[in-house]
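Here's the structure, in structure tokens; my notes come after.
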Amino acid sequence: MTADALVRIESQYATGLSRSNIERALVAAGKDLDHLHPADLDVVEDFHTLGRIATRQLAELAGIGGGDHVLDAGSGIGGTARFLADHYRCRVTAIDLTEEYCDTARWLNRLVGLDGRISVRQGDVTQLPFDEGSFDVVVSQHVQMNVADKARLYREARRVLLPGGRLAIWDVTDGVPGTLHYPLPWADQPELSHLVTSDHLRAILEATGFEVVHWADLTEDAAPFMERLLAAPVGPLGLHVFIDQFAEKADNLTRALSSGRLRVIFGIAGIRPSDHNEVDRCRAGVRDDQPARDGSPRS
């Protein structure tokens, strides 16, 4: 990403209060910070549509097991990484652009005793600081909406995967034409949102050397789930604890899902067997100067 894009994304998420607000909310909810369990964090850590339900389904579809080394690309405060490490006993590396989220994730990992299974790095998902063939699985949930150069994002995911590795994504895509109301969970303003259609996103994956083995639109499940979430009483724990304007962002997202303006998709892809020349030709099929659907230039 460009330096300007990195700064704008950082400012979208960082508040300087994530850890202190979560700590205060945990105490208010009666949690003992000296005896905290991973399940105690469930309602405060899943910053994506369908929450823990989606994470569990994605992990099962990806076939994650105890022997896998998983990269959580765009990890936020670490909810997915902790879930995978706790439930599948796998090793997880988490990377996120927002240093505040990384610090909060490390603290929460220590509190629930999972810091031995999870390492956290601050970094850019389009320029991963890892060697080729480092991971069995790359998981990415609700991340690519902030990335204009999606081809670069998925080339990097492919590069760090081992032969036979899997990419598992759970993402928001463009739907029917219409107005989007801001703020949204990933963008307070249109300039931070880089949406493409589901078909376009799948084409980018395939053009960067992946073979899609599972692709499903779960909008019809996600919209009523979000409606029920918004109707429920607000407790001391929840995403509102550390996300600014959470109620307004969630309401705008829910309305967009209900109307079909936005869609949500599951995707599982493996590395397509091919020689280097074929991969080069595939990569050339998605040009870095090709504009996104919203007309923004790719960096």
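Chain labels A, B, ... are given in the sequence in which chains occur in the structure tokens; within each chain residues are numbered consecutively from 1, and ligands are likewise numbered from 1 in the order shown.
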Shell around A:Ala73 at 9 Å using only C-alpha atoms, local window under 4 positions removed, as a compact mmCIF listing (two decimals) with C-alpha atoms, in the first residue's frame:
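New file around03.txt:
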```txt
# COMPACT_ATOMS: atom_id res chain seq x y z
CA THR A 93 0.77 -15.91 13.34
CA ALA A 94 -1.38 -12.78 13.36
CA ILE A 95 -0.58 -9.62 11.39
CA ASP A 96 -2.40 -6.30 11.41
CA ASP A 124 1.01 -4.57 5.77
CA VAL A 125 -0.93 -7.53 4.32
CA VAL A 138 -3.98 -18.01 5.26
CA VAL A 139 -7.22 -16.75 6.81
CA SER A 140 -8.55 -13.28 6.00
CA GLN A 141 -11.88 -11.94 7.24
CA VAL A 143 -9.94 -7.18 5.15
CA ALA A 157 -1.01 -14.73 0.32
```
Report summary line: If you count only C-alpha atoms, the residue of A:Leu262, A:Val43, A:Leu205, A:Ala14 closest to A:Cys102 turns out to be A:Ala14
Please produce, as a Markdown table, a per-residue contact table for stretch 93-199 of chain A versus stretch 226-243 of chain A (criterion: any atom at most 12 Å away, only C-alpha atoms considered), showing the nearest atom pair and its distance in Å to one decimal, sorted by chain then residue number.
```
| residue | atom | partner | partner_atom | distance |
| --- | --- | --- | --- | --- |
| A:Glu100 | CA | A:Phe242 | CA | 11.0 |
| A:Tyr101 | CA | A:Phe242 | CA | 10.1 |
| A:Thr104 | CA | A:Phe242 | CA | 10.7 |
| A:Pro183 | CA | A:Ile243 | CA | 11.7 |
| A:Leu184 | CA | A:Ile243 | CA | 11.1 |
| A:Pro185 | CA | A:Ile243 | CA | 8.4 |
| A:Trp186 | CA | A:Ile243 | CA | 10.4 |
| A:Ala187 | CA | A:Ile243 | CA | 11.9 |
| A:Asp188 | CA | A:Ile243 | CA | 11.6 |
```
Export, as a short mmCIF file (atom, residue, chain, number, x, y, z; two decimals), in the first residue's frame, the selected residues with N, CA, C and O atoms.
```cif
data_model
loop_
_atom_site.label_atom_id
_atom_site.label_comp_id
_atom_site.auth_asym_id
_atom_site.auth_seq_id
_atom_site.Cartn_x
_atom_site.Cartn_y
_atom_site.Cartn_z
N GLU A 100 -1.95 -0.42 17.61
CA GLU A 100 -2.80 -0.46 18.80
C GLU A 100 -3.54 -1.79 18.91
O GLU A 100 -3.66 -2.36 19.99
N TYR A 101 -4.04 -2.28 17.79
CA TYR A 101 -4.71 -3.59 17.79
C TYR A 101 -3.72 -4.70 18.09
O TYR A 101 -4.05 -5.67 18.80
N THR A 104 -3.02 -4.70 21.79
CA THR A 104 -4.19 -5.23 22.51
C THR A 104 -4.30 -6.73 22.34
O THR A 104 -4.61 -7.46 23.30
N PRO A 183 -20.82 6.22 8.23
CA PRO A 183 -19.68 5.32 8.25
C PRO A 183 -20.09 3.85 8.18
O PRO A 183 -21.20 3.48 8.57
N LEU A 184 -19.13 3.01 7.72
CA LEU A 184 -19.24 1.57 7.73
C LEU A 184 -18.14 1.01 8.62
O LEU A 184 -17.18 1.73 8.93
N PRO A 185 -18.22 -0.24 9.04
CA PRO A 185 -17.21 -0.76 9.96
C PRO A 185 -15.77 -0.62 9.46
O PRO A 185 -14.85 -0.48 10.26
N TRP A 186 -15.56 -0.67 8.15
CA TRP A 186 -14.20 -0.59 7.61
C TRP A 186 -13.89 0.78 7.01
O TRP A 186 -12.75 1.01 6.57
N ALA A 187 -14.84 1.68 6.96
CA ALA A 187 -14.60 2.96 6.29
C ALA A 187 -15.54 4.03 6.81
O ALA A 187 -16.75 3.91 6.68
N ASP A 188 -14.96 5.09 7.36
CA ASP A 188 -15.78 6.23 7.77
C ASP A 188 -16.17 7.10 6.59
O ASP A 188 -17.11 7.90 6.68
#
```
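Restricting the calculation to only C-alpha atoms, the smallest distance between A:Gly66 and any of A:Asp115, A:Asp86, A:Glu211, A:Asp32 is found for A:Asp86.
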Report task. For A:Arg56, work out the shell of residues within 12 Å, counting only C-alpha atoms and skipping chain neighbours fewer than 2 positions away, then give it as number ranges by chain. Result -> A: 46, 50-54, 58-64, 79-84, 86-88, 139, 141, 168, 170, 266
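The interatomic distance for the pair atom CA of A:Arg89 and atom CA of A:Asp34 works out to 22.1 Å.
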Query raised in the report: How would you write, as a VMD selection string, the set of residues in stretch 44-230 of chain A that DSSP gives as strand (DSSP E)?
Result: chain A and resid 69 to 73 91 to 96 118 to 122 135 to 141 161 to 174 210 to 217
Dump N, CA and C atoms for the selected residues as a compact mmCIF listing (two decimals), in the first residue's frame?
```
# COMPACT_ATOMS: atom_id res chain seq x y z
N HIS A 69 0.22 -24.39 10.53
CA HIS A 69 0.64 -23.04 10.90
C HIS A 69 -0.22 -22.09 10.08
N VAL A 70 -1.02 -21.29 10.78
CA VAL A 70 -2.03 -20.43 10.14
C VAL A 70 -1.59 -18.98 10.23
N LEU A 71 -1.76 -18.26 9.12
CA LEU A 71 -1.58 -16.81 9.14
C LEU A 71 -2.95 -16.15 9.16
N ASP A 72 -3.21 -15.34 10.17
CA ASP A 72 -4.43 -14.53 10.24
C ASP A 72 -4.05 -13.15 9.70
N ALA A 73 -4.41 -12.90 8.44
CA ALA A 73 -4.00 -11.68 7.74
C ALA A 73 -5.05 -10.60 7.90
N ARG A 91 -0.78 -23.58 15.50
CA ARG A 91 0.08 -22.42 15.69
C ARG A 91 -0.42 -21.31 14.77
N VAL A 92 -0.51 -20.09 15.31
CA VAL A 92 -1.07 -18.97 14.54
C VAL A 92 -0.12 -17.79 14.59
N THR A 93 0.10 -17.20 13.43
CA THR A 93 0.77 -15.91 13.34
C THR A 93 -0.28 -14.89 12.90
N ALA A 94 -0.39 -13.81 13.64
CA ALA A 94 -1.38 -12.78 13.36
C ALA A 94 -0.65 -11.52 12.90
N ILE A 95 -1.17 -10.88 11.86
CA ILE A 95 -0.58 -9.62 11.39
C ILE A 95 -1.69 -8.60 11.15
N ASP A 96 -1.44 -7.38 11.61
CA ASP A 96 -2.40 -6.30 11.41
C ASP A 96 -1.64 -5.00 11.26
N ILE A 118 0.43 -18.17 19.75
CA ILE A 118 0.15 -17.07 18.82
C ILE A 118 1.28 -16.05 18.87
N SER A 119 1.78 -15.71 17.71
CA SER A 119 2.71 -14.57 17.60
C SER A 119 2.01 -13.47 16.82
N VAL A 120 2.28 -12.23 17.19
CA VAL A 120 1.60 -11.08 16.60
C VAL A 120 2.65 -10.16 15.98
N ARG A 121 2.39 -9.78 14.72
CA ARG A 121 3.28 -8.86 14.01
C ARG A 121 2.48 -7.67 13.50
N GLN A 122 3.08 -6.50 13.59
CA GLN A 122 2.48 -5.34 12.94
C GLN A 122 3.02 -5.27 11.52
N PHE A 135 3.39 -20.88 5.55
CA PHE A 135 2.12 -21.21 6.21
C PHE A 135 1.34 -22.28 5.45
N ASP A 136 0.56 -23.03 6.22
CA ASP A 136 -0.35 -24.02 5.65
C ASP A 136 -1.67 -23.40 5.22
N VAL A 137 -2.11 -22.39 5.98
CA VAL A 137 -3.39 -21.74 5.72
C VAL A 137 -3.23 -20.24 5.93
N VAL A 138 -3.82 -19.45 5.04
CA VAL A 138 -3.98 -18.01 5.26
C VAL A 138 -5.47 -17.74 5.41
N VAL A 139 -5.83 -17.13 6.53
CA VAL A 139 -7.22 -16.75 6.81
C VAL A 139 -7.32 -15.23 6.76
N SER A 140 -8.34 -14.73 6.09
CA SER A 140 -8.55 -13.28 6.00
C SER A 140 -10.04 -13.00 6.04
N GLN A 141 -10.46 -12.24 7.05
CA GLN A 141 -11.88 -11.94 7.24
C GLN A 141 -12.12 -10.43 7.23
N LEU A 161 2.21 -19.19 1.20
CA LEU A 161 1.61 -20.50 1.42
C LEU A 161 2.55 -21.62 0.98
N LEU A 162 2.53 -22.72 1.72
CA LEU A 162 3.24 -23.93 1.34
C LEU A 162 2.52 -24.62 0.19
N PRO A 163 3.19 -25.47 -0.56
CA PRO A 163 2.48 -26.30 -1.55
C PRO A 163 1.35 -27.06 -0.88
N GLY A 164 0.18 -27.03 -1.49
CA GLY A 164 -0.99 -27.65 -0.87
C GLY A 164 -1.69 -26.76 0.13
N GLY A 165 -1.21 -25.52 0.28
CA GLY A 165 -1.82 -24.60 1.25
C GLY A 165 -3.17 -24.09 0.79
N ARG A 166 -3.91 -23.50 1.74
CA ARG A 166 -5.27 -23.02 1.47
C ARG A 166 -5.42 -21.57 1.89
N LEU A 167 -6.19 -20.84 1.11
CA LEU A 167 -6.60 -19.49 1.45
C LEU A 167 -8.07 -19.52 1.81
N ALA A 168 -8.43 -18.95 2.97
CA ALA A 168 -9.82 -18.93 3.43
C ALA A 168 -10.23 -17.48 3.67
N ILE A 169 -11.25 -17.02 2.93
CA ILE A 169 -11.68 -15.63 3.07
C ILE A 169 -13.16 -15.56 3.41
N TRP A 170 -13.49 -14.55 4.18
CA TRP A 170 -14.88 -14.21 4.53
C TRP A 170 -14.97 -12.71 4.36
N ASP A 171 -15.68 -12.27 3.31
CA ASP A 171 -15.53 -10.88 2.92
C ASP A 171 -16.83 -10.24 2.44
N VAL A 172 -16.81 -8.92 2.48
CA VAL A 172 -17.91 -8.10 1.99
C VAL A 172 -17.61 -7.70 0.56
N THR A 173 -18.61 -7.81 -0.32
CA THR A 173 -18.44 -7.41 -1.72
C THR A 173 -19.56 -6.46 -2.14
N ASP A 174 -19.36 -5.87 -3.30
CA ASP A 174 -20.37 -4.98 -3.88
C ASP A 174 -21.59 -5.79 -4.31
N PHE A 210 -4.71 -18.91 -7.76
CA PHE A 210 -5.52 -19.74 -6.88
C PHE A 210 -6.59 -20.49 -7.67
N GLU A 211 -6.98 -21.63 -7.14
CA GLU A 211 -8.09 -22.42 -7.67
C GLU A 211 -9.19 -22.45 -6.61
N VAL A 212 -10.30 -21.83 -6.89
CA VAL A 212 -11.39 -21.74 -5.93
C VAL A 212 -12.09 -23.09 -5.82
N VAL A 213 -12.19 -23.60 -4.59
CA VAL A 213 -12.84 -24.90 -4.38
C VAL A 213 -14.19 -24.76 -3.66
N HIS A 214 -14.42 -23.59 -3.07
CA HIS A 214 -15.71 -23.35 -2.40
C HIS A 214 -15.99 -21.86 -2.48
N TRP A 215 -17.20 -21.51 -2.91
CA TRP A 215 -17.59 -20.10 -3.03
C TRP A 215 -19.07 -20.01 -2.72
N ALA A 216 -19.43 -19.28 -1.68
CA ALA A 216 -20.83 -19.23 -1.26
C ALA A 216 -21.21 -17.84 -0.79
N ASP A 217 -22.37 -17.39 -1.20
CA ASP A 217 -22.93 -16.12 -0.79
C ASP A 217 -23.84 -16.37 0.42
```
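Pairwise distance (atom CA of A:Val44, atom CA of A:Ser11) equals 20.5 Å.
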Query - DSSP-assigned helix (DSSP H, G or I) among stretch 7-190 of chain A, expressed as number ranges by chain - result: A: 7-13, 18-28, 33-35, 38-45, 51-62, 79-88, 99-111, 144-146, 150-160, 190
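Taking atom CA of A:Thr254 and atom CA of A:Arg152 as endpoints, the distance between them is 29.3 Å.
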